[in-house]
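K.L.:
Quick one: structure below, then a few questions.
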Amino acid sequence: MEVGVCFCISGDVVEDALLLPGEACTEYVVDLLRRQLPRSTDEASIIGNAGTGNTALLITTLNALGYVRVMPAHLETQSGESEHSELGRMDVRVRALETVLTQKGYIDPAALDVLIDTYQTKIGPRNGARVVARSWADPTFHDWLMNDATAAIDSLGYAGRQGEHMIAVENTSSRHNLVVCTLCSCYPWPVLGLPPTWYKSAPYRSRVVRDPRGLLADFGVTLADDVDIRVWDSTAEVRYLVVPQRPDGTQHLTESELAELVTRDSMIGTGFASDPESTK
Amino acid sequence: MSYTSHADLGGQAGYGAVVPEPEGELFHAAWEPRALALSLAMGATGSWNIDIGRSARETLPDYARLSYYEIWTSALQRLLEERHLADTDEIEAGHMLRRGPPVKRVLHAGEVQAVLAGGSPTLRPSTDSPRFDLGQRVRTMSTVADHHTRLPEYVRGREGVIQRIHGAHIFADTNAQGLGEQPQFLYTVVFAGTELWSESGGARDCQSLTVSVDAWESYLEPV
């Protein structure tokens with residue numbers, strides 16, 4: 001049986017959502033509860049009894065005691081038996097790392113929550129989209145961005161880790177820019193957030209510097225034959241933001257409407273800004 | 001030669017097609033965000049620098065078989081073990097078995113925003129003049145480094161042109177070996193597609209292709 005559970009104490013989530021195969025989940029939960037959770041020895045005993053091999057009963061019991069709520073969304077995220085054990089293995093390993101490092105006083109688990117929340121909800125490609133939209137709408141900002149991207153981007157509130165030294169490069173009708181890190185996964189986090197899986201993958205990193213047109217075809221992107229392609233390999237601590245071409249027929253749009261047309265991929269160079277007609 | 005990076009992929013063949021991914025799809029398992037955050041939080045303790053971290057990742061023997069966050073997790077464990085901050089038996093046990101040495105600082109929840117916003121700039125003041133001028137032709141070194149380096153194999157021994165001068169930056173090669181920042185001038189060097197790919201069978205449309213890397217001064221010599 002597959003379960004996804006989220007443990008809470010007094011409303012504070014102390015464990016992230018877990019995705020474990022039934023048996024491993026049961027053992028894990030019982031162990032965790034014995035060590036950390038129960039408010040009384042009676043409860044520990046109830047939980048221990050419920051947890052001996054019956055995950056459904058355990059979950060029901062924990063639910064009744066107010067310790068868990070089942071997260072239905074997590075019930076459908078996995079398929080395939082081998083994948084189950086693989087995910088379980090990494091879940092247990094990462095959990096163990098977190099426990100050990102917390103016990104040793106090296107990390108504050110609450111800081112992990114803030115870090116995750118920051119990159120899930122605050123720092124992402126909508127930041128970059130606002131930078132691009134401003135540069136389309138405001139010629140003075142555009143010139144500033146092209147001459148001193150770090151300062152121009154900072155003026156909109158996007159600065160810091162993995163964006164300390166920024167350069168903006170502009171696509172035109174005769175030149176198309178693409179950004180890669182062939183050596184690892186360097187990416188301008190303050191404006192684009194965390195990189196997509198493909199950006200970090202061997203297919204992209206190996207091919208974009210050698211066959212960019214073939215690679216763009218994987219994204220359904222075709223460039224005219226007379227367009228020059230420039231690839232920027234981010235091999236040091238300079239980070240690159242592509243400013244895509246402003247679509248035609250957007251003169252009447254506000255800056256925030258323009259930002260909606262700016263896709264993540266268009267700021268890496270593997271896509272174009274959206275056509276305003278298609279996004280209506 | 002003892003140092004082998006498994007991460008230097010530029011120009012290699014046989015990795016297949018790219019699989020695009022929708023915007024906002026950041027993680028594919030519940031442990032991945034925790035693994036990311038653990039690496040960031042331990043990085044913030046100052047127990048190693050970013051170049052040491054990259055070196056630990058790229059030299060993992062099973063690099064090519066691991067997913068991205070598996071690479072991060074394995075490298076984190078390796079860095080912890082090398083410094084006796086946490087040992088394998090503790091990770092296997094799932095709890096602390098012995099105290100570890102103190103770390104320089106601990107990243108607390110209330111400091112995260114400020115620490116991320118501050119970042120870690122690598123530009124350093126320098127009273128020297130850059131050795132190369134804008135527009136100058138240069139050749140990259142052809143020798144293979146026996147340590148972490150940031151000159152990709154596909155541009156080694158190639159001629160290019162200096163397009164930008166970024167000032168003096170922390171030198172990744174020495175920083176990764178624990179030999180200090182030793183800042184050097186950093187340049188964007190542009191290569192013609194034909195210079196990179198003609199002799200190896202070429203690339204499609206390499207006439208219209210240019211590729212740049214950011215290269216530290218000691219990677220380069222005048223032509």
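Please note that chains go A, B, ... in the order of the structure tokens, that every chain numbers its residues from 1, and that ligands are numbered from 1 in the order shown.
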Quick one: residues within 7 Å of stretch 5-18 of chain B, only C-alpha atoms, excluding same-chain residues fewer than 4 positions away - as a ChimeraX atom specification?

P.N.:
/A:182-184,198,202-207,209-210,218 /B:58-59,63,152-154

K.L.:
Take the residues that were just selected and, keeping C-alpha atoms, output them as an mmCIF file, in the first residue's frame.

P.N.:
data_model
loop_
_atom_site.group_PDB
_atom_site.id
_atom_site.type_symbol
_atom_site.label_atom_id
_atom_site.label_comp_id
_atom_site.auth_asym_id
_atom_site.auth_seq_id
_atom_site.Cartn_x
_atom_site.Cartn_y
_atom_site.Cartn_z
ATOM 1 C CA THR A 182 28.258 22.843 -20.138
ATOM 2 C CA LEU A 183 30.247 22.160 -16.934
ATOM 3 C CA CYS A 184 27.414 22.040 -14.403
ATOM 4 C CA TRP A 198 16.573 19.736 -19.148
ATOM 5 C CA ALA A 202 23.481 15.908 -20.519
ATOM 6 C CA PRO A 203 21.467 16.214 -23.777
ATOM 7 C CA TYR A 204 21.194 20.005 -23.488
ATOM 8 C CA ARG A 205 24.667 20.661 -22.125
ATOM 9 C CA SER A 206 26.399 18.492 -24.712
ATOM 10 C CA ARG A 207 24.492 19.570 -27.780
ATOM 11 C CA VAL A 209 27.267 24.411 -28.194
ATOM 12 C CA ARG A 210 27.586 22.202 -31.268
ATOM 13 C CA ASP A 218 13.515 19.598 -29.716
ATOM 14 C CA GLU B 58 31.851 16.478 -10.931
ATOM 15 C CA THR B 59 34.258 13.814 -9.638
ATOM 16 C CA TYR B 63 27.975 11.035 -11.870
ATOM 17 C CA PRO B 152 35.800 23.165 -21.054
ATOM 18 C CA GLU B 153 37.517 20.535 -23.140
ATOM 19 C CA TYR B 154 35.773 21.613 -26.361
#

K.L.:
Write out as a short mmCIF file (atom, residue, chain, number, x, y, z; two decimals) with N, CA and C atoms, in the first residue's frame the residues lying within 6 Å of A:Asn177, counting only C-alpha atoms and excluding same-chain residues fewer than 5 positions away.

P.N.:
data_model
loop_
_atom_site.label_atom_id
_atom_site.label_comp_id
_atom_site.auth_asym_id
_atom_site.auth_seq_id
_atom_site.Cartn_x
_atom_site.Cartn_y
_atom_site.Cartn_z
N ASN A 171 18.08 39.35 -28.16
CA ASN A 171 17.79 38.72 -29.44
C ASN A 171 17.24 39.76 -30.42
N ILE A 229 23.61 32.50 -34.64
CA ILE A 229 23.37 31.98 -33.29
C ILE A 229 24.61 32.20 -32.43
N ARG A 230 24.37 32.73 -31.25
CA ARG A 230 25.45 32.95 -30.29
C ARG A 230 25.12 32.19 -29.01
N VAL A 231 26.01 31.28 -28.63
CA VAL A 231 25.82 30.50 -27.40
C VAL A 231 26.76 31.03 -26.33
N GLY A 269 16.73 31.29 -24.24
CA GLY A 269 17.01 31.24 -25.67
C GLY A 269 16.45 30.01 -26.35
#

K.L.:
Kindly indicate which residue among A:Asp248, A:Glu260, A:Asp275, A:Asp108 lies nearest to chain B, using only C-alpha atoms for the distances.

P.N.:
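Smallest distance to chain B is found for A:Asp108.
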
K.L.:
Give me, as a ChimeraX atom specification, the contact residues of chain B against chain A at a cut-off of 6 Å, counting only C-alpha atoms.

P.N.:
/B:7-12,15-18,31,37,91,94-96,106,108-109,116-119,121,150,203-204,208-214

K.L.:
Given the selection you just returned, output its residues as a file containing N, CA and C atoms, formatted as a CSV table (one decimal), in the first residue's frame.

P.N.:
chain,number,residue,atom,x,y,z
B,7,ALA,N,31.7,15.9,-15.7
B,7,ALA,CA,30.7,16.9,-15.9
B,7,ALA,C,31.0,17.7,-17.2
B,8,ASP,N,32.1,17.5,-17.8
B,8,ASP,CA,32.5,18.4,-18.9
B,8,ASP,C,31.9,17.8,-20.2
B,9,LEU,N,30.7,18.2,-20.5
B,9,LEU,CA,29.9,17.5,-21.6
B,9,LEU,C,29.8,18.3,-22.9
B,10,GLY,N,30.3,19.5,-23.0
B,10,GLY,CA,30.1,20.3,-24.2
B,10,GLY,C,30.6,19.6,-25.4
B,11,GLY,N,29.7,19.5,-26.4
B,11,GLY,CA,30.2,19.0,-27.7
B,11,GLY,C,30.1,17.5,-27.8
B,12,GLN,N,29.9,16.8,-26.7
B,12,GLN,CA,29.9,15.3,-26.8
B,12,GLN,C,28.6,14.8,-27.5
B,15,TYR,N,23.9,11.8,-26.4
B,15,TYR,CA,23.0,11.9,-25.2
B,15,TYR,C,21.5,12.1,-25.6
B,16,GLY,N,21.2,12.1,-26.9
B,16,GLY,CA,19.8,12.1,-27.3
B,16,GLY,C,19.1,13.4,-27.2
B,17,ALA,N,17.8,13.4,-27.3
B,17,ALA,CA,17.0,14.6,-27.4
B,17,ALA,C,16.7,15.2,-26.0
B,18,VAL,N,16.5,16.5,-26.0
B,18,VAL,CA,16.1,17.2,-24.8
B,18,VAL,C,14.6,17.0,-24.6
B,31,TRP,N,11.7,14.3,-1.7
B,31,TRP,CA,13.0,14.6,-1.1
B,31,TRP,C,13.8,15.6,-1.8
B,37,ALA,N,17.8,22.2,-0.3
B,37,ALA,CA,17.9,23.1,0.9
B,37,ALA,C,19.0,22.7,1.8
B,91,ILE,N,24.5,8.4,8.8
B,91,ILE,CA,23.5,8.6,7.8
B,91,ILE,C,22.7,7.3,7.8
B,94,GLY,N,20.6,7.0,10.8
B,94,GLY,CA,19.5,7.9,10.8
B,94,GLY,C,19.5,8.9,11.9
B,95,HIS,N,20.6,8.9,12.7
B,95,HIS,CA,20.7,9.8,13.8
B,95,HIS,C,22.2,10.0,14.2
B,96,MET,N,22.5,11.0,14.9
B,96,MET,CA,23.8,11.3,15.3
B,96,MET,C,24.4,10.2,16.2
B,106,VAL,N,25.8,29.0,11.4
B,106,VAL,CA,24.6,28.3,11.1
B,106,VAL,C,23.6,29.2,10.5
B,108,HIS,N,20.2,30.5,10.0
B,108,HIS,CA,19.0,30.4,10.7
B,108,HIS,C,17.9,31.0,9.8
B,109,ALA,N,16.6,30.5,10.1
B,109,ALA,CA,15.5,30.8,9.2
B,109,ALA,C,15.4,32.3,8.9
B,116,LEU,N,20.5,35.1,0.9
B,116,LEU,CA,20.3,34.9,-0.5
B,116,LEU,C,20.5,36.2,-1.3
B,117,ALA,N,19.9,37.3,-0.7
B,117,ALA,CA,20.0,38.6,-1.4
B,117,ALA,C,21.4,39.1,-1.5
B,118,GLY,N,22.2,38.8,-0.5
B,118,GLY,CA,23.6,39.2,-0.5
B,118,GLY,C,24.4,38.5,-1.5
B,119,GLY,N,24.1,37.2,-1.7
B,119,GLY,CA,24.9,36.3,-2.6
B,119,GLY,C,26.4,36.3,-2.2
B,121,PRO,N,29.4,37.6,-4.2
B,121,PRO,CA,30.1,38.2,-5.4
B,121,PRO,C,31.6,37.7,-5.5
B,150,ARG,N,37.7,25.4,-15.0
B,150,ARG,CA,36.5,25.8,-15.7
B,150,ARG,C,36.7,26.1,-17.2
B,203,ALA,N,29.5,21.0,-37.3
B,203,ALA,CA,28.2,21.1,-36.7
B,203,ALA,C,27.3,21.6,-37.8
B,204,ARG,N,26.0,21.4,-37.7
B,204,ARG,CA,25.1,22.0,-38.7
B,204,ARG,C,25.2,23.5,-38.6
B,208,SER,N,27.3,30.0,-39.1
B,208,SER,CA,26.5,31.1,-38.4
B,208,SER,C,26.6,31.0,-36.9
B,209,LEU,N,27.4,30.1,-36.4
B,209,LEU,CA,27.5,29.9,-35.0
B,209,LEU,C,28.7,30.5,-34.3
B,210,THR,N,28.5,31.2,-33.2
B,210,THR,CA,29.7,31.6,-32.4
B,210,THR,C,29.3,31.1,-30.9
B,211,VAL,N,30.4,30.8,-30.2
B,211,VAL,CA,30.2,30.3,-28.8
B,211,VAL,C,31.2,31.0,-28.0
B,212,SER,N,30.8,31.4,-26.8
B,212,SER,CA,31.7,32.1,-25.9
B,212,SER,C,31.8,31.3,-24.6
B,213,VAL,N,33.0,31.4,-23.9
B,213,VAL,CA,33.1,31.0,-22.5
B,213,VAL,C,33.7,32.1,-21.7
B,214,ASP,N,33.6,32.0,-20.4
B,214,ASP,CA,34.2,33.0,-19.6
B,214,ASP,C,35.5,32.3,-19.0

K.L.:
Looking only at strand (DSSP E) from DSSP on the backbone, list the matching residues of stretch 63-215 of chain B as number ranges by chain.

P.N.:
B: 123-124, 137-140, 159-169, 184-192, 209-215

K.L.:
Quick one: DSSP helix (DSSP H, G or I) residues in stretch 4-198 of chain B, as a count of residues only?

P.N.:
69

K.L.:
Taking into account only C-alpha atoms, which residue in the set A:Leu241, A:Val169, A:Ala151, A:Ala259 is nearest to A:Trp189?

P.N.:
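The shortest atom-to-atom distance to A:Trp189 comes from A:Leu241.
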
K.L.:
Could you tell me how far atom CA of A:Arg130 lies from atom CA of A:Thr222, in Å and to one decimal?

P.N.:
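We find that atom CA of A:Arg130 and atom CA of A:Thr222 lie 25.5 Å from each other.
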